[in-house]
Amino acid sequence: MSSVRKIQTWFQIHKWTSLICTAFLLMLCLTGLPLIFHEEIEELEGKPHLAKEVPAGTPLAGLDKMSENALAKYPEKVIRYIYWDEHEPNTTAFSLSDSIDAAPDNYTTVIMDDHTAEVLETPNYQEGFMYIMLQMHIDMFMGIGGKLFLGLMGLLFIAAIVSGIMLYGPIMKRFDFGMVRTERSTRLKWLDLHNLLGVVTIVWGVVVGFTGVINTASEIVLGLWQMGQLSEMTAPYKTAGPLTGKLSSLDQAIVLTKQAAPDMEPSLIAYPGTPFTSKHHYAVFVKGNTPLTKRIIKPALIDAKKGELTDMRDMPWYVNALFISQPLHFGDYGGLPMKIIWALFDIATIVILGSGLYLWFARNKATRAHISRLSKNETEILTVQAQNENA
């Protein structure tokens, strides 16, 4: 009896966790599918690289010159971030906003040629099919509230996987692994297929679900880093006055960072006053050169007035966990073969979720029909009893 009660408990957990999160998981699977191949989709569009190829050794224009040109194009804005896209060689992107503390979605991107400091493009990343897919997948256009809600759905998904394992184990003690009873009813066939695909995708489901939950906590991770390591790194500047006048050289900041981390390359520069640094520092984030280490980011703080390196540290484990989980969530580690594997598992999960809904509706329909038959039989019995009594 204890075993039966455990199975019933796991069944209830599996049913309700699945039902609550299924609709949102279907949305995440459908939006995640094109996001897995977003680079390949962009290549199929046939868009050439923005910067022209130049002979080796061609001198760079420098970040100081490029920042001047970016501000000359948008004199009413301020630069908040500078970053490099590995898929667009010989270019540098500048993110400008109306103010240093403007909302995150308040930005204009200017992509410039590294050698000529020429403005190549001012793309609008807040439109188009891929933008809609990404925002739906991240937060459903609901900001941090949407992120945390999808994180809760991810936890329910993991609970559904665990409860499914606890249910499938006892079943496989009585039947062959991978059994699909095609000769029986349609509902039974889909139940076996649902169980089989669920077992096959267990590891993938846990990995994607867990990394998805971590990704939804990005604002929380940023806040912990700001209150912890970043606060320690900028502690000597807590009593410093506001930063005024001309800022120090960006090119000098890059030189100092490369001297401190010669085996790493710049990934992003955050201007003073942005969430990723203090009000007195450039934060130059560098990354490694291998598929794994290029996901590990290391910040160097440069005094934006004196042009001196003040601190450089490895990120805490929880920040590195976030950086590693972001590409792993979309299978962006092993090139196209891994992306194809990720897509196949994604499609299998869509089938699992769809079959789960079908089984729930079919079970409810069968239950209602059974209750209806019992009610009908009970009515007939009462009618016969009444007739006998009248006779």
# chains A, B, ... in the order shown; residues from 1 in each chain; ligands from 1

call {"tool": "select_by_dssp", "arguments": {"residues": "segment 10-141 of chain A", "states": "strand (DSSP E or B)", "output": "list of chain:residue names"}}
result
A:Val78, A:Ile79, A:Arg80, A:Tyr81, A:Ile82, A:Tyr83, A:Thr91, A:Thr92, A:Ala93, A:Phe94, A:Ser95, A:Leu96, A:Ser97, A:Thr108, A:Thr109, A:Val110, A:Ile111, A:Met112, A:Asp113, A:Val119, A:Leu120, A:Glu121

call {"tool": "residues_around", "arguments": {"residues": "segment 209-212 of chain A", "least_positions_apart": "5", "cutoff": "8 Å", "atoms": "only C-alpha atoms", "output": "JSON, numbers by chain"}}
result
{"A": [151, 154, 155, 157, 158, 322, 325, 326, 328, 329]}

call {"tool": "write_last_selection", "arguments": {"atoms": "C-alpha atoms", "output": "PDB file, in the first residue's frame"}}
result
ATOM      1  CA  GLY A 151      12.327  30.750 -14.085  1.00  0.00           C
ATOM      2  CA  GLY A 154      11.691  26.051 -15.448  1.00  0.00           C
ATOM      3  CA  LEU A 155      11.699  24.752 -11.873  1.00  0.00           C
ATOM      4  CA  PHE A 157       9.696  21.542 -15.620  1.00  0.00           C
ATOM      5  CA  ILE A 158      12.575  20.013 -13.655  1.00  0.00           C
ATOM      6  CA  LEU A 322      25.743  32.423 -15.478  1.00  0.00           C
ATOM      7  CA  SER A 325      24.967  28.578 -18.794  1.00  0.00           C
ATOM      8  CA  GLN A 326      23.926  31.223 -21.351  1.00  0.00           C
ATOM      9  CA  LEU A 328      24.968  26.064 -23.084  1.00  0.00           C
ATOM     10  CA  HIS A 329      21.237  26.783 -22.955  1.00  0.00           C
TER      11      HIS A 329
END

call {"tool": "closest_residue", "arguments": {"among": "A:Asp311, A:Glu127, A:Asp98, A:Glu86", "to": "Lys287 of chain A", "atoms": "only C-alpha atoms"}}
result
A:Glu86

call {"tool": "closest_residue", "arguments": {"among": "A:Leu30, A:Ile79, A:Leu44, A:Leu191", "to": "Tyr358 of chain A", "atoms": "only C-alpha atoms"}}
result
A:Leu191

call {"tool": "closest_residue", "arguments": {"among": "A:Tyr125, A:Phe11, A:Tyr81, A:Tyr107", "to": "Thr277 of chain A", "atoms": "only C-alpha atoms"}}
result
A:Tyr81

call {"tool": "closest_residue", "arguments": {"among": "A:Thr290, A:Ser278, A:Gln12, A:Thr349", "to": "Lys238 of chain A", "atoms": "only C-alpha atoms"}}
result
A:Ser278

call {"tool": "atom_distance", "arguments": {"atom1": "atom CA of Leu156 of chain A", "atom2": "atom CA of Ile214 of chain A"}}
result
13.9 Å

call {"tool": "select_by_dssp", "arguments": {"residues": "segment 175-353 of chain A", "states": "helix (DSSP H, G or I)", "output": "PyMOL selection string"}}
result
chain A and resi 186-200+202-216+218-233+235-237+250-260+293-295+317-329+335-353

call {"tool": "closest_residue", "arguments": {"among": "A:Ser231, A:Thr22, A:Thr201, A:Ser185", "to": "Ile347 of chain A", "atoms": "only C-alpha atoms"}}
result
A:Thr201

call {"tool": "closest_residue", "arguments": {"among": "A:Ile297, A:Ile7, A:Leu71, A:Leu96", "to": "Thr109 of chain A", "atoms": "only C-alpha atoms"}}
result
A:Leu96

call {"tool": "atom_distance", "arguments": {"atom1": "atom CA of Gly334 of chain A", "atom2": "atom CA of Ile138 of chain A"}}
result
22.6 Å

call {"tool": "atom_distance", "arguments": {"atom1": "atom CA of Asn69 of chain A", "atom2": "atom CA of Pro275 of chain A"}}
result
24.5 Å

call {"tool": "residues_around", "arguments": {"residues": "Gly198 of chain A", "least_positions_apart": "3", "cutoff": "9 Å", "atoms": "only C-alpha atoms", "output": "list of chain:residue names"}}
result
A:Ile161, A:Gly164, A:Ile165, A:Leu193, A:His194, A:Asn195, A:Thr201, A:Ile202, A:Gly205, A:Ala348, A:Thr349, A:Ile352

call {"tool": "residues_around", "arguments": {"residues": "segment 23-25 of chain A", "least_positions_apart": "6", "cutoff": "10 Å", "atoms": "only C-alpha atoms", "output": "PyMOL selection string"}}
result
chain A and resi 31+137+140+149-150+153-154+157+209+349-350+353-354+357

call {"tool": "decode", "arguments": {"residues": "segment 127-271 of chain A", "atoms": "C-alpha atoms", "output": "CSV table (one decimal), in the first residue's frame"}}
result
chain,number,residue,atom,x,y,z
A,127,GLU,CA,12.7,44.9,-34.3
A,128,GLY,CA,12.3,41.9,-36.6
A,129,PHE,CA,11.4,38.2,-36.2
A,130,MET,CA,14.5,37.2,-34.2
A,131,TYR,CA,14.1,40.1,-31.8
A,132,ILE,CA,10.5,39.0,-31.1
A,133,MET,CA,11.6,35.4,-30.6
A,134,LEU,CA,14.4,36.4,-28.3
A,135,GLN,CA,12.2,38.7,-26.1
A,136,MET,CA,9.4,36.1,-25.9
A,137,HIS,CA,12.0,33.5,-24.9
A,138,ILE,CA,13.7,35.8,-22.3
A,139,ASP,CA,10.9,37.6,-20.5
A,140,MET,CA,7.7,37.6,-22.8
A,141,PHE,CA,8.2,41.5,-23.0
A,142,MET,CA,7.5,41.7,-19.3
A,143,GLY,CA,10.9,42.6,-17.9
A,144,ILE,CA,12.3,41.1,-14.8
A,145,GLY,CA,8.8,39.9,-13.7
A,146,GLY,CA,8.5,37.9,-16.9
A,147,LYS,CA,12.1,36.5,-16.4
A,148,LEU,CA,11.4,35.3,-12.9
A,149,PHE,CA,8.0,33.8,-13.9
A,150,LEU,CA,9.7,31.8,-16.7
A,151,GLY,CA,12.3,30.7,-14.1
A,152,LEU,CA,9.5,29.3,-11.9
A,153,MET,CA,8.2,27.5,-15.0
A,154,GLY,CA,11.7,26.1,-15.4
A,155,LEU,CA,11.7,24.8,-11.9
A,156,LEU,CA,8.3,23.1,-12.4
A,157,PHE,CA,9.7,21.5,-15.6
A,158,ILE,CA,12.6,20.0,-13.7
A,159,ALA,CA,10.1,18.8,-11.0
A,160,ALA,CA,8.0,17.2,-13.8
A,161,ILE,CA,11.1,15.4,-15.2
A,162,VAL,CA,12.0,14.0,-11.7
A,163,SER,CA,8.5,12.9,-11.0
A,164,GLY,CA,8.3,11.3,-14.5
A,165,ILE,CA,11.4,9.3,-13.7
A,166,MET,CA,9.9,8.1,-10.5
A,167,LEU,CA,6.8,6.9,-12.4
A,168,TYR,CA,8.6,5.4,-15.3
A,169,GLY,CA,10.9,3.3,-13.1
A,170,PRO,CA,8.2,0.9,-11.7
A,171,ILE,CA,6.6,0.6,-15.1
A,172,MET,CA,9.9,-0.6,-16.7
A,173,LYS,CA,10.2,-3.4,-14.1
A,174,ARG,CA,7.2,-5.0,-15.7
A,175,PHE,CA,7.8,-4.1,-19.4
A,176,ASP,CA,10.7,-3.9,-21.9
A,177,PHE,CA,12.6,-0.6,-22.1
A,178,GLY,CA,11.4,1.5,-25.0
A,179,MET,CA,8.1,-0.4,-25.3
A,180,VAL,CA,5.5,1.3,-27.6
A,181,ARG,CA,2.3,-0.8,-27.8
A,182,THR,CA,1.1,0.2,-31.3
A,183,GLU,CA,-1.5,-2.7,-31.4
A,184,ARG,CA,-3.4,-1.3,-28.5
A,185,SER,CA,-5.5,1.9,-28.2
A,186,THR,CA,-4.3,5.3,-29.5
A,187,ARG,CA,-4.1,6.7,-26.0
A,188,LEU,CA,-1.9,3.8,-24.8
A,189,LYS,CA,0.4,4.2,-27.8
A,190,TRP,CA,0.9,7.9,-27.1
A,191,LEU,CA,1.5,7.1,-23.4
A,192,ASP,CA,4.3,4.7,-24.3
A,193,LEU,CA,5.8,7.2,-26.8
A,194,HIS,CA,5.5,10.0,-24.2
A,195,ASN,CA,7.3,7.9,-21.6
A,196,LEU,CA,10.0,6.8,-24.1
A,197,LEU,CA,10.8,10.3,-25.4
A,198,GLY,CA,10.7,11.6,-21.8
A,199,VAL,CA,13.4,9.1,-20.8
A,200,VAL,CA,15.6,9.8,-23.9
A,201,THR,CA,15.5,13.5,-23.2
A,202,ILE,CA,16.1,13.5,-19.5
A,203,VAL,CA,19.6,14.7,-19.4
A,204,TRP,CA,19.0,17.4,-22.1
A,205,GLY,CA,15.8,18.5,-20.4
A,206,VAL,CA,17.6,18.9,-17.0
A,207,VAL,CA,20.5,20.8,-18.6
A,208,VAL,CA,18.3,23.2,-20.6
A,209,GLY,CA,15.8,23.6,-17.8
A,210,PHE,CA,18.5,24.3,-15.2
A,211,THR,CA,20.5,26.7,-17.4
A,212,GLY,CA,17.3,28.5,-18.3
A,213,VAL,CA,16.5,29.0,-14.6
A,214,ILE,CA,20.0,30.4,-14.0
A,215,ASN,CA,19.6,32.7,-17.0
A,216,THR,CA,16.4,34.1,-15.6
A,217,ALA,CA,18.3,35.1,-12.4
A,218,SER,CA,20.8,37.3,-14.3
A,219,GLU,CA,19.6,40.5,-12.6
A,220,ILE,CA,19.9,38.8,-9.2
A,221,VAL,CA,23.4,37.6,-10.1
A,222,LEU,CA,24.4,41.1,-11.2
A,223,GLY,CA,23.1,42.6,-8.0
A,224,LEU,CA,25.1,40.1,-5.9
A,225,TRP,CA,28.2,40.9,-7.9
A,226,GLN,CA,27.7,44.6,-7.5
A,227,MET,CA,27.2,44.3,-3.7
A,228,GLY,CA,30.1,41.9,-3.3
A,229,GLN,CA,33.1,41.9,-5.5
A,230,LEU,CA,32.5,45.2,-7.4
A,231,SER,CA,31.9,47.0,-4.1
A,232,GLU,CA,35.3,45.6,-2.8
A,233,MET,CA,37.1,46.6,-5.9
A,234,THR,CA,35.8,50.2,-5.8
A,235,ALA,CA,35.9,50.7,-2.0
A,236,PRO,CA,38.7,53.3,-2.1
A,237,TYR,CA,36.5,55.5,-4.3
A,238,LYS,CA,33.5,55.5,-2.0
A,239,THR,CA,34.3,59.0,-0.6
A,240,ALA,CA,35.6,60.4,-3.9
A,241,GLY,CA,33.8,63.3,-5.4
A,242,PRO,CA,31.9,63.2,-8.7
A,243,LEU,CA,33.8,62.5,-11.9
A,244,THR,CA,34.2,65.7,-13.9
A,245,GLY,CA,36.1,66.9,-16.9
A,246,LYS,CA,37.6,64.9,-19.8
A,247,LEU,CA,38.0,61.1,-19.3
A,248,SER,CA,41.3,59.3,-19.7
A,249,SER,CA,42.2,57.5,-23.0
A,250,LEU,CA,40.3,54.4,-23.9
A,251,ASP,CA,43.3,53.1,-25.9
A,252,GLN,CA,45.4,53.4,-22.8
A,253,ALA,CA,42.8,51.5,-20.9
A,254,ILE,CA,43.1,48.6,-23.4
A,255,VAL,CA,46.9,48.7,-23.3
A,256,LEU,CA,46.9,48.5,-19.5
A,257,THR,CA,44.3,45.6,-19.5
A,258,LYS,CA,46.3,43.6,-22.1
A,259,GLN,CA,49.5,44.0,-20.0
A,260,ALA,CA,47.7,42.6,-17.0
A,261,ALA,CA,46.0,39.8,-19.0
A,262,PRO,CA,48.2,39.1,-22.1
A,263,ASP,CA,46.4,35.8,-22.9
A,264,MET,CA,43.0,37.3,-23.0
A,265,GLU,CA,41.2,39.7,-25.4
A,266,PRO,CA,38.8,42.6,-24.7
A,267,SER,CA,35.1,41.8,-24.9
A,268,LEU,CA,33.3,44.8,-23.5
A,269,ILE,CA,34.1,48.2,-22.0
A,270,ALA,CA,31.6,49.7,-19.6
A,271,TYR,CA,31.7,53.5,-19.1
